[in-house]
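S.K.: This is target30.csv (CSV, C-alpha atoms).
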```csv
chain,number,residue,atom,x,y,z
A,1,MET,CA,21.4,-6.0,8.4
A,2,MET,CA,17.8,-5.1,7.9
A,3,ARG,CA,16.3,-1.7,7.2
A,4,ILE,CA,12.6,-2.0,7.5
A,5,ALA,CA,10.0,0.7,7.0
A,6,PHE,CA,6.4,0.3,8.3
A,7,VAL,CA,4.0,2.3,6.2
A,8,GLY,CA,0.2,2.6,5.7
A,9,LYS,CA,-2.8,4.7,6.3
A,10,GLY,CA,-3.1,6.5,9.7
A,11,GLY,CA,-4.6,4.2,12.3
A,12,ALA,CA,-3.9,1.0,10.4
A,13,GLY,CA,-1.6,-0.2,13.2
A,14,LYS,CA,1.9,0.7,12.0
A,15,SER,CA,3.2,1.6,15.4
A,16,SER,CA,1.7,-1.4,17.2
A,17,LEU,CA,3.1,-3.8,14.7
A,18,ALA,CA,6.5,-2.1,14.3
A,19,GLY,CA,7.0,-2.0,18.1
A,20,THR,CA,6.0,-5.6,18.6
A,21,VAL,CA,8.2,-6.8,15.7
A,22,ALA,CA,11.2,-4.8,16.9
A,23,ARG,CA,11.0,-6.5,20.3
A,24,LEU,CA,10.5,-9.9,18.8
A,25,PHE,CA,13.7,-9.3,16.8
A,26,GLY,CA,15.4,-8.2,20.0
A,27,ARG,CA,14.4,-11.5,21.6
A,28,ASN,CA,16.0,-13.3,18.5
A,29,HIS,CA,19.3,-11.6,19.6
A,30,ARG,CA,19.3,-9.0,16.9
A,31,ASN,CA,20.6,-5.6,17.7
A,32,VAL,CA,17.6,-3.4,17.0
A,33,LEU,CA,17.2,0.3,16.6
A,34,ALA,CA,13.5,1.3,16.4
A,35,ILE,CA,13.0,4.7,14.9
A,36,ASP,CA,9.8,6.8,15.3
A,37,SER,CA,9.9,9.3,12.4
A,38,ASP,CA,6.4,10.6,12.9
A,39,PRO,CA,6.4,14.3,14.0
A,40,VAL,CA,3.7,13.1,16.4
A,41,PRO,CA,5.4,10.0,17.8
A,42,GLY,CA,3.6,6.9,19.1
A,43,LEU,CA,6.0,4.0,18.9
A,44,ALA,CA,7.2,4.1,22.5
A,45,TYR,CA,3.9,2.6,23.7
A,46,ALA,CA,4.2,-0.4,21.5
A,47,LEU,CA,7.8,-0.9,22.5
A,48,GLY,CA,7.0,-0.7,26.2
A,49,VAL,CA,9.6,2.1,26.5
A,50,GLN,CA,8.6,4.3,29.4
A,51,VAL,CA,9.3,7.6,27.9
A,52,VAL,CA,6.6,10.1,27.0
A,53,ASP,CA,8.5,12.4,24.9
A,54,ARG,CA,12.2,12.2,24.2
A,55,PRO,CA,13.1,14.0,21.0
A,56,ILE,CA,16.6,14.5,19.6
A,57,PRO,CA,17.7,17.9,21.1
A,58,ASP,CA,18.4,20.9,19.0
A,59,ASP,CA,22.1,21.1,19.8
A,60,VAL,CA,23.1,17.8,18.2
A,61,VAL,CA,23.2,19.6,14.8
A,62,VAL,CA,25.1,22.7,13.7
A,63,GLU,CA,24.7,24.6,10.5
A,64,GLY,CA,26.2,22.8,7.5
A,65,ALA,CA,28.4,24.1,4.7
A,66,ALA,CA,26.7,26.2,2.0
A,67,ASP,CA,26.8,23.4,-0.5
A,68,GLY,CA,25.6,20.6,1.8
A,69,PRO,CA,22.6,19.9,4.0
A,70,ARG,CA,21.3,22.8,6.1
A,71,TRP,CA,22.1,21.0,9.4
A,72,VAL,CA,24.7,18.4,10.1
A,73,LEU,CA,25.7,16.5,13.2
A,74,ARG,CA,27.9,18.6,15.4
A,75,PRO,CA,31.7,18.0,15.3
A,76,GLY,CA,32.7,15.0,17.3
A,77,LEU,CA,29.3,13.3,17.1
A,78,ASP,CA,28.8,10.6,14.6
A,79,ALA,CA,25.8,8.5,13.7
A,80,ALA,CA,26.7,5.7,16.1
A,81,GLY,CA,27.3,8.3,18.9
A,82,LEU,CA,23.9,9.9,18.3
A,83,VAL,CA,22.1,6.6,18.7
A,84,GLU,CA,24.2,5.7,21.8
A,85,GLN,CA,23.5,9.1,23.5
A,86,TYR,CA,19.9,9.8,22.5
A,87,ALA,CA,18.3,6.4,21.9
A,88,PRO,CA,17.4,4.8,25.2
A,89,VAL,CA,17.5,1.0,25.6
A,90,GLY,CA,14.0,-0.5,26.2
A,91,PRO,CA,12.7,-4.0,26.9
A,92,ASP,CA,14.3,-6.8,24.9
A,93,ASP,CA,17.3,-4.5,24.4
A,94,VAL,CA,15.6,-2.5,21.6
A,95,ARG,CA,17.0,1.0,21.2
A,96,TYR,CA,14.4,3.7,20.6
A,97,LEU,CA,15.1,6.9,18.7
A,98,GLN,CA,12.5,9.5,18.3
A,99,PHE,CA,13.0,12.5,16.1
A,100,GLY,CA,9.7,14.4,16.3
A,101,ASN,CA,8.3,15.6,19.5
A,102,LEU,CA,4.8,16.4,20.7
A,103,TRP,CA,5.3,20.1,21.4
A,104,GLY,CA,8.3,21.0,19.2
A,105,SER,CA,8.3,23.9,16.7
A,106,ILE,CA,8.8,23.3,13.0
A,107,ALA,CA,12.4,24.4,13.2
A,108,THR,CA,13.1,21.9,15.9
A,109,ILE,CA,11.6,19.1,13.9
A,110,GLN,CA,13.6,20.1,10.8
A,111,ARG,CA,16.8,20.0,12.8
A,112,ALA,CA,15.9,16.6,14.2
A,113,GLN,CA,15.0,15.4,10.7
A,114,HIS,CA,18.4,16.3,9.4
A,115,ALA,CA,20.1,14.6,12.3
A,116,TRP,CA,18.0,11.5,11.7
A,117,SER,CA,18.6,11.2,8.0
A,118,GLN,CA,22.3,11.7,8.4
A,119,ALA,CA,22.3,9.0,11.1
A,120,VAL,CA,20.4,6.5,9.0
A,121,ARG,CA,22.7,7.3,6.0
A,122,GLU,CA,26.0,7.0,8.0
A,123,LEU,CA,25.3,4.3,10.6
A,124,PRO,CA,27.7,1.4,9.9
A,125,ALA,CA,25.7,-1.3,8.2
A,126,ASP,CA,26.6,-4.1,10.7
A,127,LEU,CA,25.7,-2.1,13.8
A,128,TYR,CA,21.8,-2.2,13.9
A,129,ASP,CA,18.8,-3.7,12.3
A,130,ILE,CA,16.6,-0.7,11.8
A,131,VAL,CA,12.8,-0.8,12.2
A,132,GLY,CA,11.2,2.4,11.1
A,133,ASP,CA,7.7,3.5,12.1
A,134,LEU,CA,6.7,6.1,9.6
A,135,PRO,CA,3.9,8.7,9.6
A,136,GLY,CA,0.7,7.9,7.6
A,137,GLY,CA,0.4,9.0,4.1
A,138,THR,CA,2.9,8.8,1.2
A,139,ARG,CA,5.3,11.7,1.8
A,140,GLN,CA,7.9,10.0,4.0
A,141,PRO,CA,7.7,6.6,2.4
A,142,MET,CA,8.2,8.1,-1.0
A,143,ALA,CA,10.5,11.0,-0.4
A,144,GLY,CA,12.4,10.6,2.9
A,145,TRP,CA,12.6,6.9,3.8
A,146,GLY,CA,12.4,5.6,0.3
A,147,LYS,CA,16.1,5.7,-0.2
A,148,TYR,CA,16.9,4.0,3.1
A,149,ALA,CA,14.5,1.1,3.5
A,150,ASP,CA,15.4,-2.2,1.8
A,151,LEU,CA,12.1,-3.8,3.0
A,152,VAL,CA,8.8,-1.9,3.2
A,153,ILE,CA,5.9,-3.4,5.1
A,154,VAL,CA,2.5,-2.0,4.1
A,155,VAL,CA,0.0,-2.3,6.9
A,156,VAL,CA,-3.6,-2.5,5.7
A,157,GLU,CA,-6.8,-2.7,7.6
A,158,PRO,CA,-10.0,-4.0,5.9
A,159,THR,CA,-11.4,-0.7,4.8
A,160,VAL,CA,-11.6,0.8,1.4
A,161,LYS,CA,-9.7,3.9,2.4
A,162,SER,CA,-6.8,1.8,3.8
A,163,LEU,CA,-6.7,-0.1,0.6
A,164,HIS,CA,-6.4,3.1,-1.4
A,165,SER,CA,-3.4,4.0,0.7
A,166,ALA,CA,-1.9,0.6,0.3
A,167,ARG,CA,-2.3,0.6,-3.5
A,168,ARG,CA,-0.4,3.9,-3.7
A,169,LEU,CA,2.3,2.7,-1.4
A,170,LEU,CA,2.8,-0.5,-3.4
A,171,THR,CA,3.9,1.7,-6.3
A,172,LEU,CA,7.1,2.1,-4.4
A,173,SER,CA,8.1,-1.2,-5.9
A,174,SER,CA,8.5,0.6,-9.3
A,175,ALA,CA,10.7,3.3,-7.9
A,176,ALA,CA,14.3,3.7,-9.1
A,177,TRP,CA,15.6,3.6,-5.5
A,178,GLY,CA,12.7,1.5,-4.3
A,179,PRO,CA,13.0,-1.2,-1.6
A,180,GLU,CA,14.1,-4.7,-2.7
A,181,SER,CA,11.0,-6.2,-1.2
A,182,ILE,CA,7.5,-5.2,0.0
A,183,LEU,CA,5.4,-7.3,2.4
A,184,VAL,CA,1.7,-6.7,3.1
A,185,VAL,CA,0.3,-7.3,6.5
A,186,ALA,CA,-3.4,-7.2,7.2
A,187,ASN,CA,-4.2,-5.7,10.6
A,188,LYS,CA,-7.4,-5.4,12.6
A,189,VAL,CA,-9.0,-8.3,10.6
A,190,ARG,CA,-12.1,-10.0,12.1
A,191,ASP,CA,-11.8,-13.2,10.2
A,192,ARG,CA,-10.2,-15.0,7.2
A,193,GLY,CA,-12.8,-13.3,5.0
A,194,ASP,CA,-11.3,-10.0,5.8
A,195,VAL,CA,-7.8,-11.2,4.8
A,196,ALA,CA,-9.2,-12.7,1.6
A,197,TRP,CA,-11.0,-9.5,0.8
A,198,ILE,CA,-7.8,-7.5,1.2
A,199,ALA,CA,-5.8,-9.9,-0.9
A,200,ASP,CA,-8.5,-9.8,-3.6
A,201,ARG,CA,-8.8,-6.1,-3.7
A,202,LEU,CA,-5.0,-5.6,-3.7
A,203,GLY,CA,-4.4,-8.3,-6.3
A,204,ARG,CA,-1.5,-9.8,-4.3
A,205,ALA,CA,-0.9,-12.1,-1.4
A,206,VAL,CA,-1.1,-11.0,2.2
A,207,ASP,CA,2.1,-12.1,4.0
A,208,ALA,CA,0.7,-12.0,7.6
A,209,ALA,CA,-2.5,-11.1,9.4
A,210,SER,CA,-3.2,-9.8,12.9
A,211,PRO,CA,-6.6,-9.4,14.4
A,212,TRP,CA,-7.5,-6.7,16.9
A,213,SER,CA,-9.3,-7.4,20.1
A,214,GLU,CA,-11.0,-5.9,23.1
A,215,ALA,CA,-8.0,-6.9,25.2
A,216,MET,CA,-5.7,-4.8,22.9
A,217,ILE,CA,-7.9,-1.7,23.4
A,218,GLN,CA,-7.7,-2.2,27.1
A,219,ALA,CA,-4.0,-2.6,27.0
A,220,GLU,CA,-3.5,0.6,25.1
A,221,ARG,CA,-5.6,2.5,27.6
A,222,CYS,CA,-3.4,1.2,30.4
A,223,ASN,CA,-0.2,2.1,28.4
A,224,LEU,CA,0.9,-1.5,28.2
A,225,ALA,CA,2.7,-2.8,25.1
A,226,PRO,CA,0.9,-5.6,23.3
A,227,LEU,CA,3.8,-7.9,24.0
A,228,ASP,CA,3.6,-7.2,27.7
A,229,ALA,CA,-0.2,-7.1,28.1
A,230,GLU,CA,-1.3,-9.8,25.7
A,231,PRO,CA,1.7,-12.0,24.7
A,232,GLU,CA,-0.6,-14.9,23.8
A,233,SER,CA,-3.0,-12.8,21.8
A,234,ASP,CA,-3.8,-13.4,18.1
A,235,PHE,CA,-2.3,-9.9,17.5
A,236,VAL,CA,1.1,-11.0,18.8
A,237,ALA,CA,0.8,-14.3,16.9
A,238,GLY,CA,0.3,-12.2,13.7
A,239,ALA,CA,3.4,-10.2,14.6
A,240,ARG,CA,5.3,-13.4,15.0
A,241,ALA,CA,4.1,-14.6,11.6
A,242,LEU,CA,5.3,-11.3,10.2
A,243,VAL,CA,8.7,-11.7,11.8
A,244,GLU,CA,9.0,-15.1,10.1
A,245,SER,CA,8.1,-13.6,6.7
A,246,ILE,CA,10.7,-10.9,7.2
A,247,GLU,CA,13.4,-13.4,8.2
A,248,LEU,CA,12.5,-15.5,5.2
A,249,THR,CA,12.7,-12.5,2.9
A,250,TYR,CA,16.2,-11.6,4.0
A,251,ARG,CA,17.3,-15.2,4.0
A,252,LEU,CA,16.1,-15.7,0.4
A,253,ARG,CA,17.8,-12.5,-0.6
A,254,GLN,CA,21.1,-13.7,0.9
A,255,GLU,CA,20.9,-17.0,-0.9
A,256,VAL,CA,20.1,-15.3,-4.2
A,257,GLY,CA,23.0,-13.0,-3.6
A,258,THR,CA,25.6,-15.7,-3.0
B,1,MET,CA,-16.6,29.8,7.1
B,2,LYS,CA,-13.3,28.1,6.7
B,3,ILE,CA,-13.2,24.8,8.7
B,4,ALA,CA,-10.1,22.6,9.0
B,5,VAL,CA,-10.6,19.1,10.3
B,6,VAL,CA,-7.5,17.6,12.0
B,7,GLY,CA,-6.5,14.7,14.2
B,8,LYS,CA,-4.5,11.5,14.4
B,9,GLY,CA,-4.6,9.0,11.5
B,10,GLY,CA,-7.6,6.8,11.6
B,11,ALA,CA,-9.5,9.0,14.0
B,12,GLY,CA,-12.1,9.8,11.3
B,13,LYS,CA,-11.1,13.2,9.8
B,14,THR,CA,-12.2,12.3,6.4
B,15,THR,CA,-15.6,10.9,7.5
B,16,VAL,CA,-16.3,13.9,9.7
B,17,SER,CA,-15.3,16.3,6.9
B,18,ALA,CA,-17.6,14.6,4.4
B,19,VAL,CA,-20.6,14.6,6.8
B,20,LEU,CA,-19.9,18.3,7.7
B,21,ALA,CA,-19.6,19.3,4.0
B,22,ARG,CA,-22.8,17.6,3.0
B,23,GLY,CA,-24.7,18.6,6.1
B,24,LEU,CA,-23.8,22.3,5.7
B,25,SER,CA,-24.7,22.1,2.0
B,26,ARG,CA,-28.1,20.7,2.9
B,27,ARG,CA,-28.7,23.6,5.2
B,28,GLY,CA,-28.3,26.0,2.3
B,29,GLY,CA,-24.5,26.7,2.4
B,30,GLN,CA,-22.4,26.7,-0.8
B,31,VAL,CA,-19.7,24.3,0.1
B,32,VAL,CA,-16.3,23.5,-1.3
B,33,ALA,CA,-14.6,20.4,0.3
B,34,LEU,CA,-10.8,20.5,-0.1
B,35,ASP,CA,-8.9,17.2,0.3
B,36,CYS,CA,-5.4,18.2,1.6
B,37,ASP,CA,-4.3,14.6,2.5
B,38,THR,CA,-1.2,13.1,0.7
B,39,ASN,CA,-3.5,10.1,0.2
B,40,PRO,CA,-6.7,11.9,-0.9
B,41,ASN,CA,-9.8,9.9,-0.3
B,42,LEU,CA,-12.4,12.4,0.8
B,43,GLY,CA,-14.3,11.5,-2.4
B,44,LEU,CA,-15.0,8.1,-1.0
B,45,SER,CA,-16.7,9.5,2.1
B,46,LEU,CA,-18.6,12.2,0.1
B,47,GLY,CA,-20.0,9.5,-2.1
B,48,VAL,CA,-18.4,10.3,-5.5
B,49,GLY,CA,-17.1,6.7,-5.8
B,50,ASP,CA,-13.9,4.9,-6.4
B,51,LEU,CA,-13.2,5.8,-10.0
B,52,GLU,CA,-14.0,9.5,-9.7
B,53,THR,CA,-11.8,9.8,-6.6
B,54,GLU,CA,-8.9,8.2,-8.5
B,55,ARG,CA,-9.6,10.5,-11.5
B,56,LEU,CA,-9.1,13.6,-9.3
B,57,VAL,CA,-5.8,12.2,-8.1
B,58,THR,CA,-4.7,11.6,-11.7
B,59,LEU,CA,-5.7,15.2,-12.6
B,60,ARG,CA,-3.5,16.5,-9.8
B,61,GLU,CA,-0.6,14.3,-10.8
B,62,GLN,CA,-0.6,15.8,-14.3
B,63,VAL,CA,0.1,19.2,-12.7
B,64,ASP,CA,2.9,17.8,-10.6
B,65,GLU,CA,4.4,16.1,-13.6
B,66,GLY,CA,4.2,19.3,-15.7
B,67,SER,CA,2.0,17.9,-18.4
B,68,SER,CA,-0.8,20.2,-17.4
B,69,GLU,CA,-0.7,23.9,-16.5
B,70,HIS,CA,-1.1,25.2,-12.9
B,71,ALA,CA,-4.4,27.0,-12.4
B,72,ILE,CA,-3.9,30.6,-11.6
B,73,THR,CA,-6.9,31.5,-9.4
B,74,TRP,CA,-8.5,29.5,-6.8
B,75,ALA,CA,-11.8,29.5,-8.7
B,76,GLU,CA,-9.9,27.8,-11.5
B,77,ILE,CA,-8.5,25.2,-9.2
B,78,VAL,CA,-11.9,24.4,-7.9
B,79,GLU,CA,-13.2,24.3,-11.5
B,80,HIS,CA,-10.4,22.2,-13.1
B,81,TYR,CA,-9.4,19.9,-10.2
B,82,GLY,CA,-12.8,19.3,-8.7
B,83,THR,CA,-15.9,17.3,-9.2
B,84,ASP,CA,-19.5,17.6,-8.1
B,85,ALA,CA,-20.3,15.5,-5.1
B,86,PRO,CA,-23.8,14.7,-3.7
B,87,ASP,CA,-25.8,17.5,-2.0
B,88,ASP,CA,-24.1,20.1,-4.4
B,89,VAL,CA,-20.8,19.9,-2.6
B,90,ARG,CA,-17.8,20.7,-4.8
B,91,LEU,CA,-14.8,18.5,-4.1
B,92,THR,CA,-11.3,19.5,-5.0
B,93,VAL,CA,-8.0,17.8,-4.4
B,94,ILE,CA,-5.4,20.4,-3.6
B,95,THR,CA,-2.6,18.3,-2.0
B,96,ARG,CA,0.7,17.6,-3.7
B,97,ILE,CA,0.7,13.9,-4.4
B,98,GLU,CA,3.9,12.0,-3.9
B,99,ASN,CA,5.0,9.4,-6.4
B,100,PRO,CA,8.2,7.4,-6.4
B,101,GLU,CA,10.6,8.2,-9.3
B,102,PRO,CA,10.0,5.5,-11.8
B,103,GLY,CA,12.8,2.9,-12.2
```
Write the structure described by the file as structure tokens, please.
M.R.:
Amino acid sequence: MMRIAFVGKGGAGKSSLAGTVARLFGRNHRNVLAIDSDPVPGLAYALGVQVVDRPIPDDVVVEGAADGPRWVLRPGLDAAGLVEQYAPVGPDDVRYLQFGNLWGSIATIQRAQHAWSQAVRELPADLYDIVGDLPGGTRQPMAGWGKYADLVIVVVEPTVKSLHSARRLLTLSSAAWGPESILVVANKVRDRGDVAWIADRLGRAVDAASPWSEAMIQAERCNLAPLDAEPESDFVAGARALVESIELTYRLRQEVGT
Amino acid sequence: MKIAVVGKGGAGKTTVSAVLARGLSRRGGQVVALDCDTNPNLGLSLGVGDLETERLVTLREQVDEGSSEHAITWAEIVEHYGTDAPDDVRLTVITRIENPEPG
């Protein structure tokens, strides 16, 4: 089973790619759970899930014991149950779990955060492939998600600032609990030159590249997922290439493991 | 004035902050620009360059790692963890920087 975290600078295209990749996995008959762990969620659009705001409700958790986490899933509700009850099924059978919400208080988000990390920790490994869409910056990739992801995908756009973020995120590979693999995807590229520039500045290969386009901007404005609005676009082609890279990464890992 | 620039990732917070800071300074204000991002790169937009922006991050990391003392007053923070940017803007990185535990 896969546990994938999409990370990168804000606006680089994490949600668009994560949502499209999750659905392509769904089409490949994988059982996918897509998690939006940004306190200001934005993954639903890319998945084509028609929910505006569906956070984990406060009452899924109760206060934990003094020596454990502050909040724990309420008695009778396990990780699989949480997903079944609170993660709606969207197109291509992808389940969508959102822990932040647009208008929630800090306390609400903290409760949801505990529910979410317990769920990711305790979900049976053979139940779901997990595709996580993380907030921009380094906090969640390095502190929260770091322990759970076994593959991190760094999304980079061809700007100096995005490269700075990417370089910091690539240091995850030296972490004690770091992911087994890291892939780099170049997004919003205009041409091959942009891809080469990113690879050169990062000092490593780019595993997939996806261009942006006017059609994608229009699709976003109409609240249409890339895969629904522009299935033949170069952006979706880039996402497909990324899916192949991901599948290959896990396949190689299995072969090495056996 | 104390101005906070907020918004979704990629919307242009850093760029707007930098232009505001330098613009206010040119009009005679004495400006401190505070980078509160977990991935601090306000230095790039202010024009202090790649290396100096990275140096500020390293300074801040030394505090987090405990190899350098915390500054007591905010004047000291601006002094020790800052640098001079164009148009007499003083840039300081005040965010905590996350690093993975080395393995």
S.K.: Using all atoms listed in the file, which of the listed residues (B:Val31, B:Ile72, B:Leu51, B:Leu20) sits closest to Thr92 of chain B?
M.R.: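 Selected residue with least distance to Thr92 of chain B: B:Val31.
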S.K.: When the cut-off is 9 Å and we count all atoms listed in the file, which residues of chain A are near chain B, given as a ChimeraX atom specification?
M.R.: /A:9-12,40,135-139,141-143,146,160-161,164-165,168-169,171-178
S.K.: Please write the residues from the selection above to a file, keeping C-alpha atoms, as a compact mmCIF listing (two decimals), in the coordinates of the input.
M.R.:
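Everything below was put into again.txt:
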```txt
# COMPACT_ATOMS: atom_id res chain seq x y z
CA LYS A 9 -2.80 4.70 6.30
CA GLY A 10 -3.10 6.50 9.70
CA GLY A 11 -4.60 4.20 12.30
CA ALA A 12 -3.90 1.00 10.40
CA VAL A 40 3.70 13.10 16.40
CA PRO A 135 3.90 8.70 9.60
CA GLY A 136 0.70 7.90 7.60
CA GLY A 137 0.40 9.00 4.10
CA THR A 138 2.90 8.80 1.20
CA ARG A 139 5.30 11.70 1.80
CA PRO A 141 7.70 6.60 2.40
CA MET A 142 8.20 8.10 -1.00
CA ALA A 143 10.50 11.00 -0.40
CA GLY A 146 12.40 5.60 0.30
CA VAL A 160 -11.60 0.80 1.40
CA LYS A 161 -9.70 3.90 2.40
CA HIS A 164 -6.40 3.10 -1.40
CA SER A 165 -3.40 4.00 0.70
CA ARG A 168 -0.40 3.90 -3.70
CA LEU A 169 2.30 2.70 -1.40
CA THR A 171 3.90 1.70 -6.30
CA LEU A 172 7.10 2.10 -4.40
CA SER A 173 8.10 -1.20 -5.90
CA SER A 174 8.50 0.60 -9.30
CA ALA A 175 10.70 3.30 -7.90
CA ALA A 176 14.30 3.70 -9.10
CA TRP A 177 15.60 3.60 -5.50
CA GLY A 178 12.70 1.50 -4.30
```
S.K.: Rounded to one decimal place, report the atom CA of Tyr148 of chain A-atom CA of Gly132 of chain A distance in Å.
M.R.: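 Atom CA of Tyr148 of chain A sits 10.0 Å away from atom CA of Gly132 of chain A.
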S.K.: So what do you get for atom CA of Ser162 of chain A versus atom CA of Lys2 of chain B, distance-wise?
M.R.: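 So the two atoms, atom CA of Ser162 of chain A and atom CA of Lys2 of chain B, lie 27.2 Å apart.
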S.K.: Taking into account all atoms listed in the file, which residue in the set B:Val19, B:Thr73, B:Glu65, B:Ala85 is nearest to Gly49 of chain B?
M.R.: B:Ala85
S.K.: Which residues of segment 103-192 of chain A come within 9 Å of segment 13-23 of chain A, and what is each one's closest atom pair and distance in Å (one decimal), counting all atoms listed in the file, sorted by chain and residue number, as a Markdown table?
M.R.:
```
| residue | atom | partner | partner_atom | distance |
| --- | --- | --- | --- | --- |
| A:Asp129 | CA | A:Ala22 | CA | 9.0 |
| A:Ile130 | CA | A:Ala22 | CA | 8.5 |
| A:Val131 | CA | A:Ala22 | CA | 6.4 |
| A:Gly132 | CA | A:Ala18 | CA | 7.3 |
| A:Asp133 | CA | A:Ser15 | CA | 5.9 |
| A:Leu134 | CA | A:Lys14 | CA | 7.6 |
| A:Pro135 | CA | A:Lys14 | CA | 8.6 |
| A:Gly136 | CA | A:Lys14 | CA | 8.5 |
| A:Ile153 | CA | A:Lys14 | CA | 9.0 |
| A:Val154 | CA | A:Lys14 | CA | 8.4 |
| A:Val155 | CA | A:Lys14 | CA | 6.2 |
| A:Val156 | CA | A:Gly13 | CA | 8.1 |
| A:Glu157 | CA | A:Gly13 | CA | 8.0 |
| A:Asn187 | CA | A:Gly13 | CA | 6.6 |
| A:Lys188 | CA | A:Gly13 | CA | 7.8 |
```
S.K.: When you draw a straight line from atom CA of Pro86 of chain B to atom CA of Pro158 of chain A, how long is it in Å?
M.R.: 25.1 Å
S.K.: Using only C-alpha atoms, which residues sit within 6 Å of Ala149 of chain A once same-chain residues fewer than 3 positions away are excluded, as a list in words?
M.R.: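 The contact residues come out as Arg3, Ile4, Ala5, Gly146 and Pro179 of chain A.
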S.K.: So that I can check the surroundings of Ser17 of chain B, please list as a ChimeraX atom specification every protein, DNA and RNA residue that reaches within 10 Å of it, counting all atoms listed in the file and ignoring chain neighbours fewer than 5 positions away.
M.R.: /B:3-6,12,22-23,33-35,42,45-46
S.K.: Need to verify the contact set: Arg70 of chain A, 12 Å, only C-alpha atoms, exclusion of same-chain residues closer than 3 positions in sequence. Can you return it as a list in words?
M.R.: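 Residues near the query, excluding close chain neighbours: Val61, Val62, Glu63, Gly64, Ala65, Ala66, Asp67, Leu73, Ala107, Gln110, Arg111, Ala112, Gln113, His114, Ala115 and Gln118 of chain A.
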S.K.: Can you pull out every residue within 12 Å of Tyr96 of chain A, counting all atoms listed in the file, but drop anything in the same chain fewer than 3 positions away, and send it as a PyMOL selection string?
M.R.: chain A and resi 18-19+22-23+26+31-37+41-56+82-93+99+128-133
S.K.: Show me the residues around (-3.8, 13.5, -8.1) - criterion: an atom at most 9 Å away, only C-alpha atoms counted - as a CSV table (one decimal) with C-alpha atoms, in the frame of the given file.
M.R.:
```csv
chain,number,residue,atom,x,y,z
B,39,ASN,CA,-3.5,10.1,0.2
B,40,PRO,CA,-6.7,11.9,-0.9
B,53,THR,CA,-11.8,9.8,-6.6
B,54,GLU,CA,-8.9,8.2,-8.5
B,55,ARG,CA,-9.6,10.5,-11.5
B,56,LEU,CA,-9.1,13.6,-9.3
B,57,VAL,CA,-5.8,12.2,-8.1
B,58,THR,CA,-4.7,11.6,-11.7
B,59,LEU,CA,-5.7,15.2,-12.6
B,60,ARG,CA,-3.5,16.5,-9.8
B,61,GLU,CA,-0.6,14.3,-10.8
B,62,GLN,CA,-0.6,15.8,-14.3
B,63,VAL,CA,0.1,19.2,-12.7
B,64,ASP,CA,2.9,17.8,-10.6
B,81,TYR,CA,-9.4,19.9,-10.2
B,93,VAL,CA,-8.0,17.8,-4.4
B,94,ILE,CA,-5.4,20.4,-3.6
B,95,THR,CA,-2.6,18.3,-2.0
B,96,ARG,CA,0.7,17.6,-3.7
B,97,ILE,CA,0.7,13.9,-4.4
B,98,GLU,CA,3.9,12.0,-3.9
```
